[in-house]
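Participant: The structure file my_file_35.cif (mmCIF, C-alpha atoms and all ligand atoms) is provided below.
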data_start
loop_
_atom_site.group_PDB
_atom_site.id
_atom_site.type_symbol
_atom_site.label_atom_id
_atom_site.label_comp_id
_atom_site.auth_asym_id
_atom_site.auth_seq_id
_atom_site.Cartn_x
_atom_site.Cartn_y
_atom_site.Cartn_z
ATOM 1 C CA MET A 1 -17.795 -1.251 -62.248
ATOM 2 C CA ARG A 2 -15.445 -1.963 -65.131
ATOM 3 C CA ILE A 3 -15.505 0.773 -67.751
ATOM 4 C CA ASN A 4 -14.019 0.547 -71.243
ATOM 5 C CA LEU A 5 -13.146 3.647 -73.208
ATOM 6 C CA ILE A 6 -13.222 3.928 -77.001
ATOM 7 C CA GLY A 7 -11.812 7.303 -78.008
ATOM 8 C CA ALA A 8 -9.651 9.097 -75.486
ATOM 9 C CA GLY A 9 -9.196 12.688 -76.600
ATOM 10 C CA ARG A 10 -10.511 15.694 -74.703
ATOM 11 C CA LEU A 11 -13.772 14.175 -73.409
ATOM 12 C CA GLY A 12 -12.464 10.618 -73.043
ATOM 13 C CA GLN A 13 -9.393 11.531 -71.022
ATOM 14 C CA THR A 14 -11.352 13.869 -68.755
ATOM 15 C CA LEU A 15 -14.102 11.351 -68.002
ATOM 16 C CA GLY A 16 -11.549 8.539 -67.856
ATOM 17 C CA ARG A 17 -9.586 10.340 -65.150
ATOM 18 C CA LEU A 18 -12.723 11.251 -63.165
ATOM 19 C CA LEU A 19 -14.469 7.874 -63.464
ATOM 20 C CA SER A 20 -11.321 5.910 -62.634
ATOM 21 C CA GLN A 21 -11.368 7.510 -59.170
ATOM 22 C CA HIS A 22 -14.550 5.533 -58.430
ATOM 23 C CA HIS A 23 -14.375 2.593 -60.836
ATOM 24 C CA THR A 24 -11.958 0.346 -62.699
ATOM 25 C CA LEU A 25 -10.885 1.443 -66.128
ATOM 26 C CA GLY A 26 -10.429 -1.507 -68.499
ATOM 27 C CA GLU A 27 -9.089 -1.061 -72.012
ATOM 28 C CA VAL A 28 -8.597 2.322 -73.668
ATOM 29 C CA LEU A 29 -8.870 2.177 -77.457
ATOM 30 C CA THR A 30 -7.845 4.973 -79.819
ATOM 31 C CA ARG A 31 -6.552 4.941 -83.386
ATOM 32 C CA SER A 32 -2.932 4.405 -82.372
ATOM 33 C CA THR A 33 -1.178 2.714 -79.486
ATOM 34 C CA GLY A 34 0.793 5.921 -78.932
ATOM 35 C CA SER A 35 -2.264 8.083 -78.278
ATOM 36 C CA ALA A 36 -3.916 5.330 -76.210
ATOM 37 C CA GLN A 37 -0.755 5.089 -74.083
ATOM 38 C CA ALA A 38 -0.651 8.888 -73.670
ATOM 39 C CA ALA A 39 -4.314 8.845 -72.604
ATOM 40 C CA VAL A 40 -3.700 6.063 -70.088
ATOM 41 C CA ASP A 41 -0.702 7.987 -68.725
ATOM 42 C CA PHE A 42 -2.948 11.014 -68.183
ATOM 43 C CA ILE A 43 -5.819 8.986 -66.727
ATOM 44 C CA GLY A 44 -3.514 6.980 -64.470
ATOM 45 C CA GLN A 45 -5.308 3.673 -65.118
ATOM 46 C CA GLY A 46 -6.321 1.337 -67.936
ATOM 47 C CA GLN A 47 -4.758 -0.805 -70.640
ATOM 48 C CA PRO A 48 -3.935 0.961 -73.917
ATOM 49 C CA VAL A 49 -5.012 -0.910 -77.070
ATOM 50 C CA SER A 50 -5.344 -0.015 -80.739
ATOM 51 C CA ASN A 51 -7.538 -2.913 -81.801
ATOM 52 C CA LEU A 52 -11.117 -3.706 -80.827
ATOM 53 C CA GLN A 53 -10.225 -7.405 -80.716
ATOM 54 C CA ASP A 54 -8.005 -6.687 -77.681
ATOM 55 C CA MET A 55 -10.886 -5.383 -75.571
ATOM 56 C CA GLN A 56 -12.509 -7.467 -72.836
ATOM 57 C CA ASP A 57 -16.019 -7.354 -71.371
ATOM 58 C CA ALA A 58 -17.023 -4.301 -69.341
ATOM 59 C CA ASP A 59 -20.090 -3.087 -67.434
ATOM 60 C CA VAL A 60 -20.085 0.258 -69.230
ATOM 61 C CA TRP A 61 -18.590 1.207 -72.588
ATOM 62 C CA LEU A 62 -17.985 4.886 -73.169
ATOM 63 C CA LEU A 63 -17.660 5.938 -76.814
ATOM 64 C CA ALA A 64 -15.828 9.273 -76.764
ATOM 65 C CA VAL A 65 -14.967 9.390 -80.464
ATOM 66 C CA PRO A 66 -15.886 12.356 -82.708
ATOM 67 C CA ASP A 67 -19.590 12.407 -83.618
ATOM 68 C CA ARG A 68 -18.951 11.349 -87.205
ATOM 69 C CA HIS A 69 -17.293 8.106 -86.036
ATOM 70 C CA ILE A 70 -19.847 7.010 -83.415
ATOM 71 C CA ALA A 71 -22.059 4.971 -85.767
ATOM 72 C CA ASP A 72 -19.064 3.173 -87.333
ATOM 73 C CA VAL A 73 -17.579 2.354 -83.944
ATOM 74 C CA ALA A 74 -20.964 1.084 -82.715
ATOM 75 C CA LYS A 75 -21.262 -1.129 -85.783
ATOM 76 C CA ALA A 76 -17.725 -2.480 -85.332
ATOM 77 C CA LEU A 77 -18.430 -3.188 -81.656
ATOM 78 C CA SER A 78 -21.649 -5.004 -82.545
ATOM 79 C CA GLU A 79 -19.673 -7.183 -84.974
ATOM 80 C CA ARG A 80 -16.980 -8.031 -82.448
ATOM 81 C CA PRO A 81 -17.733 -11.648 -81.425
ATOM 82 C CA GLY A 82 -17.725 -12.888 -77.845
ATOM 83 C CA LEU A 83 -18.588 -9.689 -75.963
ATOM 84 C CA ARG A 84 -21.210 -9.589 -73.223
ATOM 85 C CA PRO A 85 -23.889 -6.975 -74.045
ATOM 86 C CA SER A 86 -23.810 -4.256 -71.391
ATOM 87 C CA VAL A 87 -24.333 -0.479 -71.160
ATOM 88 C CA VAL A 88 -22.947 1.593 -74.026
ATOM 89 C CA VAL A 89 -23.029 5.382 -74.073
ATOM 90 C CA HIS A 90 -21.732 8.062 -76.405
ATOM 91 C CA GLY A 91 -20.963 11.680 -75.477
ATOM 92 C CA SER A 92 -22.417 13.661 -78.356
ATOM 93 C CA GLY A 93 -24.587 16.682 -77.627
ATOM 94 C CA ALA A 94 -26.507 16.759 -80.887
ATOM 95 C CA TYR A 95 -26.985 13.071 -81.674
ATOM 96 C CA THR A 96 -29.093 10.554 -79.801
ATOM 97 C CA SER A 97 -28.552 6.973 -78.681
ATOM 98 C CA GLU A 98 -30.147 5.967 -81.998
ATOM 99 C CA LEU A 99 -26.577 6.004 -83.373
ATOM 100 C CA LEU A 100 -25.983 2.895 -81.277
ATOM 101 C CA ALA A 101 -28.845 0.946 -82.894
ATOM 102 C CA PRO A 102 -26.711 -2.047 -84.047
ATOM 103 C CA LEU A 103 -25.724 -2.643 -80.421
ATOM 104 C CA GLN A 104 -29.260 -2.153 -79.134
ATOM 105 C CA ALA A 105 -30.421 -4.802 -81.605
ATOM 106 C CA GLN A 106 -28.087 -7.232 -79.863
ATOM 107 C CA GLY A 107 -29.403 -6.523 -76.377
ATOM 108 C CA TRP A 108 -27.025 -3.748 -75.319
ATOM 109 C CA LEU A 109 -28.502 -0.930 -73.194
ATOM 110 C CA THR A 110 -27.843 2.239 -75.165
ATOM 111 C CA ALA A 111 -27.702 5.886 -74.063
ATOM 112 C CA SER A 112 -26.111 9.244 -74.750
ATOM 113 C CA ALA A 113 -24.703 11.558 -72.092
ATOM 114 C CA HIS A 114 -23.661 15.055 -73.057
ATOM 115 C CA CYS A 115 -21.705 17.148 -70.576
ATOM 116 C CA LEU A 116 -22.258 20.840 -71.231
ATOM 117 C CA LEU A 117 -18.698 22.067 -70.913
ATOM 118 C CA SER A 118 -16.013 23.085 -73.347
ATOM 119 C CA PHE A 119 -13.445 20.314 -72.920
ATOM 120 C CA ALA A 120 -10.595 22.351 -74.349
ATOM 121 C CA GLN A 121 -7.859 20.529 -72.417
ATOM 122 C CA PRO A 122 -8.280 17.452 -70.207
ATOM 123 C CA GLU A 123 -6.053 18.906 -67.437
ATOM 124 C CA LEU A 124 -8.283 21.983 -67.263
ATOM 125 C CA ALA A 125 -11.586 20.188 -67.826
ATOM 126 C CA VAL A 126 -10.957 17.862 -64.873
ATOM 127 C CA THR A 127 -10.776 20.909 -62.605
ATOM 128 C CA GLN A 128 -13.800 22.591 -64.249
ATOM 129 C CA PHE A 129 -16.054 19.527 -64.262
ATOM 130 C CA LYS A 130 -17.741 19.818 -60.835
ATOM 131 C CA GLY A 131 -21.401 20.823 -61.212
ATOM 132 C CA VAL A 132 -21.427 20.440 -65.006
ATOM 133 C CA VAL A 133 -24.883 19.973 -66.536
ATOM 134 C CA CYS A 134 -25.234 16.611 -68.276
ATOM 135 C CA ALA A 135 -28.110 15.790 -70.647
ATOM 136 C CA ILE A 136 -28.844 12.072 -70.742
ATOM 137 C CA GLU A 137 -31.261 10.050 -72.835
ATOM 138 C CA GLY A 138 -31.733 6.471 -73.882
ATOM 139 C CA ASP A 139 -32.775 3.130 -72.444
ATOM 140 C CA ALA A 140 -34.230 3.541 -68.917
ATOM 141 C CA LYS A 141 -32.070 0.715 -67.542
ATOM 142 C CA ALA A 142 -28.966 2.352 -69.003
ATOM 143 C CA LEU A 143 -29.911 5.697 -67.444
ATOM 144 C CA ALA A 144 -30.390 4.047 -64.045
ATOM 145 C CA ILE A 145 -26.716 2.999 -64.203
ATOM 146 C CA LEU A 146 -25.433 6.113 -65.936
ATOM 147 C CA THR A 147 -27.019 8.717 -63.660
ATOM 148 C CA PRO A 148 -25.220 7.711 -60.426
ATOM 149 C CA LEU A 149 -22.029 7.094 -62.436
ATOM 150 C CA MET A 150 -22.012 10.681 -63.702
ATOM 151 C CA THR A 151 -23.376 12.204 -60.496
ATOM 152 C CA ASP A 152 -20.565 10.612 -58.474
ATOM 153 C CA VAL A 153 -17.972 12.480 -60.534
ATOM 154 C CA GLY A 154 -19.763 15.818 -60.073
ATOM 155 C CA ALA A 155 -22.212 16.059 -62.984
ATOM 156 C CA GLN A 156 -25.786 17.286 -62.613
ATOM 157 C CA CYS A 157 -27.844 15.012 -64.856
ATOM 158 C CA PHE A 158 -31.186 15.761 -66.433
ATOM 159 C CA GLU A 159 -33.170 13.573 -68.796
ATOM 160 C CA ILE A 160 -33.783 14.993 -72.226
ATOM 161 C CA ASP A 161 -36.255 13.745 -74.794
ATOM 162 C CA ALA A 162 -34.315 12.427 -77.812
ATOM 163 C CA GLN A 163 -36.314 14.656 -80.163
ATOM 164 C CA HIS A 164 -34.981 17.774 -78.381
ATOM 165 C CA LYS A 165 -31.278 17.016 -78.613
ATOM 166 C CA LEU A 166 -30.623 19.076 -81.740
ATOM 167 C CA SER A 167 -32.267 22.156 -80.205
ATOM 168 C CA TYR A 168 -30.566 21.555 -76.867
ATOM 169 C CA HIS A 169 -27.166 21.443 -78.512
ATOM 170 C CA ALA A 170 -27.931 24.402 -80.779
ATOM 171 C CA ALA A 171 -28.684 26.375 -77.601
ATOM 172 C CA ALA A 172 -25.185 25.597 -76.357
ATOM 173 C CA VAL A 173 -23.823 26.890 -79.658
ATOM 174 C CA TRP A 174 -25.782 30.127 -79.133
ATOM 175 C CA ALA A 175 -24.517 30.493 -75.585
ATOM 176 C CA THR A 176 -20.850 29.780 -76.188
ATOM 177 C CA ASN A 177 -19.769 29.493 -79.828
ATOM 178 C CA PHE A 178 -21.532 32.605 -81.103
ATOM 179 C CA LEU A 179 -19.990 34.938 -78.530
ATOM 180 C CA PRO A 180 -16.559 34.808 -80.217
ATOM 181 C CA VAL A 181 -18.273 35.246 -83.604
ATOM 182 C CA LEU A 182 -20.026 38.422 -82.401
ATOM 183 C CA GLN A 183 -16.798 39.809 -80.940
ATOM 184 C CA HIS A 184 -14.768 38.964 -84.060
ATOM 185 C CA THR A 185 -17.357 40.607 -86.332
ATOM 186 C CA ALA A 186 -17.441 43.770 -84.214
ATOM 187 C CA GLU A 187 -13.637 43.988 -84.186
ATOM 188 C CA GLN A 188 -13.420 43.565 -87.950
ATOM 189 C CA LEU A 189 -15.938 46.378 -88.402
ATOM 190 C CA TRP A 190 -14.021 48.684 -86.047
ATOM 191 C CA GLN A 191 -10.751 47.876 -87.817
ATOM 192 C CA GLY A 192 -12.502 48.540 -91.137
ATOM 193 C CA VAL A 193 -13.512 52.065 -90.079
ATOM 194 C CA GLY A 194 -9.950 52.883 -89.023
ATOM 195 C CA MET A 195 -10.101 52.522 -85.251
ATOM 196 C CA PRO A 196 -6.517 52.246 -83.888
ATOM 197 C CA GLU A 197 -5.700 48.652 -82.880
ATOM 198 C CA PRO A 198 -4.980 49.442 -79.183
ATOM 199 C CA MET A 199 -8.511 50.866 -78.949
ATOM 200 C CA VAL A 200 -9.981 47.735 -80.540
ATOM 201 C CA GLN A 201 -8.130 45.684 -77.917
ATOM 202 C CA GLN A 202 -9.262 48.035 -75.149
ATOM 203 C CA LEU A 203 -12.891 47.655 -76.227
ATOM 204 C CA ARG A 204 -12.509 43.882 -76.181
ATOM 205 C CA THR A 205 -11.692 44.028 -72.484
ATOM 206 C CA GLN A 206 -13.989 46.886 -71.550
ATOM 207 C CA LEU A 207 -17.209 46.383 -73.517
ATOM 208 C CA LEU A 208 -17.170 42.616 -73.505
ATOM 209 C CA SER A 209 -16.602 42.197 -69.786
ATOM 210 C CA LEU A 210 -19.141 44.929 -68.981
ATOM 211 C CA ALA A 211 -21.715 43.239 -71.232
ATOM 212 C CA VAL A 212 -21.104 39.864 -69.556
ATOM 213 C CA ASN A 213 -21.319 41.459 -66.104
ATOM 214 C CA ASN A 214 -24.586 43.158 -67.039
ATOM 215 C CA VAL A 215 -26.092 39.867 -68.213
ATOM 216 C CA LEU A 216 -24.956 38.174 -64.989
ATOM 217 C CA THR A 217 -26.308 41.008 -62.828
ATOM 218 C CA LEU A 218 -29.489 41.995 -64.665
ATOM 219 C CA GLY A 219 -30.319 38.911 -66.750
ATOM 220 C CA PRO A 220 -30.375 38.947 -70.578
ATOM 221 C CA GLN A 221 -33.505 41.074 -70.849
ATOM 222 C CA GLY A 222 -32.409 43.613 -68.243
ATOM 223 C CA ALA A 223 -29.013 43.949 -69.917
ATOM 224 C CA LEU A 224 -30.397 44.523 -73.418
ATOM 225 C CA THR A 225 -29.777 47.977 -74.934
ATOM 226 C CA GLY A 226 -29.415 49.272 -78.498
ATOM 227 C CA PRO A 227 -31.638 50.558 -81.297
ATOM 228 C CA ALA A 228 -33.695 47.358 -81.729
ATOM 229 C CA SER A 229 -34.570 47.257 -78.033
ATOM 230 C CA ARG A 230 -35.862 50.843 -78.381
ATOM 231 C CA GLY A 231 -37.914 49.907 -81.434
ATOM 232 C CA ASP A 232 -35.906 52.264 -83.669
ATOM 233 C CA SER A 233 -36.652 50.471 -86.935
ATOM 234 C CA THR A 234 -35.352 53.344 -89.124
ATOM 235 C CA LEU A 235 -31.878 53.117 -87.610
ATOM 236 C CA VAL A 236 -31.834 49.309 -87.607
ATOM 237 C CA GLN A 237 -32.728 49.203 -91.311
ATOM 238 C CA ALA A 238 -30.126 51.882 -92.148
ATOM 239 C CA GLN A 239 -27.414 49.989 -90.268
ATOM 240 C CA GLY A 240 -28.440 46.675 -91.829
ATOM 241 C CA HIS A 241 -28.248 48.290 -95.267
ATOM 242 C CA ALA A 242 -24.826 49.854 -94.559
ATOM 243 C CA LEU A 243 -23.413 46.510 -93.419
ATOM 244 C CA THR A 244 -24.956 44.615 -96.329
ATOM 245 C CA THR A 245 -23.155 46.746 -98.888
ATOM 246 C CA SER A 246 -19.764 45.605 -97.561
ATOM 247 C CA ASP A 247 -20.723 42.080 -96.402
ATOM 248 C CA PRO A 248 -24.235 40.735 -97.112
ATOM 249 C CA LEU A 249 -23.855 37.960 -94.517
ATOM 250 C CA VAL A 250 -23.010 40.415 -91.748
ATOM 251 C CA GLY A 251 -25.903 42.674 -92.793
ATOM 252 C CA THR A 252 -28.387 39.796 -92.849
ATOM 253 C CA ALA A 253 -27.190 38.529 -89.459
ATOM 254 C CA TYR A 254 -27.462 42.060 -88.028
ATOM 255 C CA LEU A 255 -31.072 42.383 -89.146
ATOM 256 C CA ALA A 256 -32.002 38.890 -87.906
ATOM 257 C CA LEU A 257 -30.409 39.443 -84.493
ATOM 258 C CA SER A 258 -32.020 42.883 -84.292
ATOM 259 C CA GLU A 259 -35.413 41.238 -84.772
ATOM 260 C CA LEU A 260 -34.666 38.848 -81.930
ATOM 261 C CA ALA A 261 -33.529 41.791 -79.783
ATOM 262 C CA ALA A 262 -36.731 43.714 -80.541
ATOM 263 C CA LYS A 263 -38.819 40.637 -79.722
ATOM 264 C CA MET A 264 -36.995 40.289 -76.391
ATOM 265 C CA ALA A 265 -37.779 43.932 -75.611
ATOM 266 C CA GLY A 266 -41.416 43.647 -76.696
ATOM 267 C CA GLN A 267 -40.811 46.006 -79.636
ATOM 268 C CA SER A 268 -41.538 45.720 -83.333
ATOM 269 C CA ILE A 269 -39.035 46.858 -85.959
ATOM 270 C CA ARG A 270 -40.738 45.417 -89.021
HETATM 271 N N1 LIG B 301 -14.548 18.620 -76.736
HETATM 272 C C1 LIG B 301 -15.658 19.080 -76.197
HETATM 273 O O1 LIG B 301 -15.728 20.236 -75.738
HETATM 274 C C2 LIG B 301 -16.877 18.193 -76.074
HETATM 275 C C3 LIG B 301 -17.918 18.601 -75.203
HETATM 276 C C4 LIG B 301 -19.004 17.773 -75.022
HETATM 277 C C5 LIG B 301 -19.102 16.601 -75.772
HETATM 278 N N2 LIG B 301 -18.099 16.256 -76.646
HETATM 279 C C6 LIG B 301 -18.257 15.014 -77.403
HETATM 280 O O2 LIG B 301 -17.201 14.137 -77.075
HETATM 281 C C7 LIG B 301 -16.955 13.274 -78.169
HETATM 282 C C8 LIG B 301 -15.470 13.286 -78.454
HETATM 283 O O3 LIG B 301 -15.060 14.600 -78.713
HETATM 284 P P1 LIG B 301 -13.587 15.095 -78.314
HETATM 285 O O4 LIG B 301 -13.604 16.577 -78.419
HETATM 286 O O5 LIG B 301 -13.128 14.458 -77.051
HETATM 287 O O6 LIG B 301 -12.742 14.490 -79.548
HETATM 288 P P2 LIG B 301 -11.149 14.418 -79.715
HETATM 289 O O7 LIG B 301 -10.470 15.241 -78.678
HETATM 290 O O8 LIG B 301 -10.881 14.689 -81.141
HETATM 291 O O9 LIG B 301 -10.815 12.883 -79.411
HETATM 292 C C9 LIG B 301 -11.328 11.848 -80.204
HETATM 293 C C10 LIG B 301 -10.721 10.531 -79.781
HETATM 294 O O10 LIG B 301 -11.366 9.490 -80.527
HETATM 295 C C11 LIG B 301 -10.368 8.656 -81.080
HETATM 296 N N3 LIG B 301 -10.925 8.055 -82.291
HETATM 297 C C12 LIG B 301 -11.343 8.646 -83.431
HETATM 298 N N4 LIG B 301 -11.849 7.727 -84.286
HETATM 299 C C13 LIG B 301 -11.753 6.550 -83.646
HETATM 300 C C14 LIG B 301 -12.079 5.213 -84.009
HETATM 301 N N5 LIG B 301 -12.638 4.930 -85.186
HETATM 302 N N6 LIG B 301 -11.844 4.213 -83.113
HETATM 303 C C15 LIG B 301 -11.291 4.492 -81.913
HETATM 304 N N7 LIG B 301 -10.944 5.735 -81.515
HETATM 305 C C16 LIG B 301 -11.167 6.735 -82.379
HETATM 306 C C17 LIG B 301 -9.180 9.551 -81.327
HETATM 307 O O11 LIG B 301 -8.040 8.746 -81.443
HETATM 308 P P3 LIG B 301 -6.545 9.341 -81.656
HETATM 309 O O12 LIG B 301 -6.194 9.910 -80.313
HETATM 310 O O13 LIG B 301 -5.700 8.169 -81.995
HETATM 311 O O14 LIG B 301 -6.683 10.382 -82.732
HETATM 312 C C18 LIG B 301 -9.225 10.404 -80.061
HETATM 313 O O15 LIG B 301 -8.612 9.708 -78.978
HETATM 314 C C19 LIG B 301 -17.815 13.770 -79.327
HETATM 315 O O16 LIG B 301 -18.997 12.997 -79.390
HETATM 316 C C20 LIG B 301 -18.157 15.194 -78.909
HETATM 317 O O17 LIG B 301 -19.383 15.656 -79.454
HETATM 318 C C21 LIG B 301 -16.999 17.020 -76.811
#
What would you get if you wrote out this structure as structure tokens?
Facilitator:
Amino acid sequence: MRINLIGAGRLGQTLGRLLSQHHTLGEVLTRSTGSAQAAVDFIGQGQPVSNLQDMQDADVWLLAVPDRHIADVAKALSERPGLRPSVVVHGSGAYTSELLAPLQAQGWLTASAHCLLSFAQPELAVTQFKGVVCAIEGDAKALAILTPLMTDVGAQCFEIDAQHKLSYHAAAVWATNFLPVLQHTAEQLWQGVGMPEPMVQQLRTQLLSLAVNNVLTLGPQGALTGPASRGDSTLVQAQGHALTTSDPLVGTAYLALSELAAKMAGQSIR
């Protein structure tokens, strides 16, 4: 298959490199010839371009631009004369193939495919990609082409209903993005009560890795400890109040998370 790439940053370069091992990469479009050339150098295949007019037909078009640009790029592609409608897919986790509506209206087969991995660096992501979970949704004919395409490069695909994409992606935020927030908040509180910095750093290694190990060994429910899990509502309220006086947001978050913890443990702290 011939695959064209629009947007070649972290996701685009990673998928470009992986897919080009099985297929032919056509044009690679970014906002500047320099970054398109750098992406092609990393991928090892493809023709760098900085103008949509310089792109030829392809069997699959992968839009790996930031979420906020997907709709504009889809519109521009739909207005580009002379292209053969084919499969077009974007890589957003939260948004659906609905963003590609102008192309769908012209007979393109539209889909979204979200790989559940933090693509921090293409070099690293290529090595981490095997077995990655990939949520796909869209036109059934597009999915029939997309599923083997992604499976061949190591993804595990599952079909998601478009209406669930926001929740699905929010779950990924819970699982990955909030962990640093929790750690940062705890460290700020320890620093605020005068704990020596080496101890704060020691706790980062010790407590955090033990907590992760416990979740991996016992599951989230088995690993849960703390006042909310014991149903100690007096202590939870007192701590929430103490935190609120210095930072209302931290206090509110503490009480909300404590309620979730109590619910997990089958306790009530109301
Ligand atoms: N990064 C992740 O961990 C991750 C994980 C899963 C899914 N995704 C999804 O992957 C998609 C891309 O994210 P990313 O992190 O790879 O972004 P990124 O690293 O910022 O790369 C974006 C790329 O899009 C290009 N671009 C931006 N606007 C464009 C336009 N109008 N026309 C053509 N190219 C344009 C940029 O060009 P320049 O190089 O010239 O700036 C750059 O090559 C998003 O939908 C995101 O939700 C990301």
Participant: So which residues touch stretch 234-244 of chain A within 12 Å, counting only C-alpha atoms, skipping near sequence neighbours fewer than 3 positions away, as a ChimeraX atom specification?
Facilitator: /A:185-186,188-189,192-193,226-231,247-259,261-262,268-270
Participant: If we count all atoms listed in the file, what is near stretch 8-16 of chain A at a cut-off of 8 Å, once residues fewer than 6 positions away on the same chain are taken out, given as a list in words?
Facilitator: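 Once the adjacent positions are removed, what remains is Leu25, Val28, Leu29, Thr30, Ser35, Ala36, Ala39, Val40, Phe42, Ile43, Leu62, Leu63, Ala64, Val65, Gly91, Phe119, Ala120, Gln121, Pro122, Glu123, Ala125 and Val126 of chain A.
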Participant: Point out the residue among A:Leu116, A:Met55, A:Ala142, A:Ala71 with the least atom-to-atom distance to ligand LIG 301 (chain B), counting all atoms listed in the file.
Facilitator: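 Going through A:Leu116, A:Met55, A:Ala142, A:Ala71 one by one, the smallest distance to ligand LIG 301 (chain B) is for A:Leu116.
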Participant: Select, from A:His90, A:His169, A:Arg204, A:Arg2, the residue with the minimum atom-to-atom distance to A:Gly138, counting only C-alpha atoms.
Facilitator: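 Of A:His90, A:His169, A:Arg204, A:Arg2, the one nearest A:Gly138, counting only C-alpha atoms, is A:His90.
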Participant: Which residues come within 9 Å of A:Phe158, counting all atoms listed in the file, excluding same-chain residues fewer than 6 positions away, as a PyMOL selection string?
Facilitator: chain A and resi 133-137+147
Participant: May I have the centre and edge lengths, in Å to one decimal, of an axis-aligned box around the listed atoms of ligand LIG 301 (chain B) with 3 Å added to every side, as AutoDock Vina command-line options?
Facilitator:
--center_x -12.5 --center_y 12.2 --center_z -80.1 --size_x 19.7 --size_y 22.0 --size_z 16.2
Participant: Pick from A:Thr33, A:Gln104, A:Ser246, A:Thr127: nearest to ligand LIG 301 (chain B), with only C-alpha atoms and all ligand atoms counted?
Facilitator: A:Thr33
Participant: Tell me which residues the PyMOL selection byres (((chain A and resi 156) around 8) and not hetatm) grabs here, as a list of chain:residue names.
Facilitator: A:Gly131, A:Val132, A:Val133, A:Cys134, A:Met150, A:Thr151, A:Gly154, A:Ala155, A:Cys157, A:Phe158
Participant: Identify, on the basis of only C-alpha atoms, every residue whose closest approach to A:Arg80 does not exceed 9 Å; exclude the query and any residue fewer than 5 positions from it along the same chain; express the result as a list in words.
Facilitator: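 Result of the neighbour search: Leu52, Gln53 and Lys75 of chain A.
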Participant: How far is it from atom CA of A:Ser20 to atom CA of A:Val153, in Å with one decimal?
Facilitator: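 So the answer is 9.6 Å.
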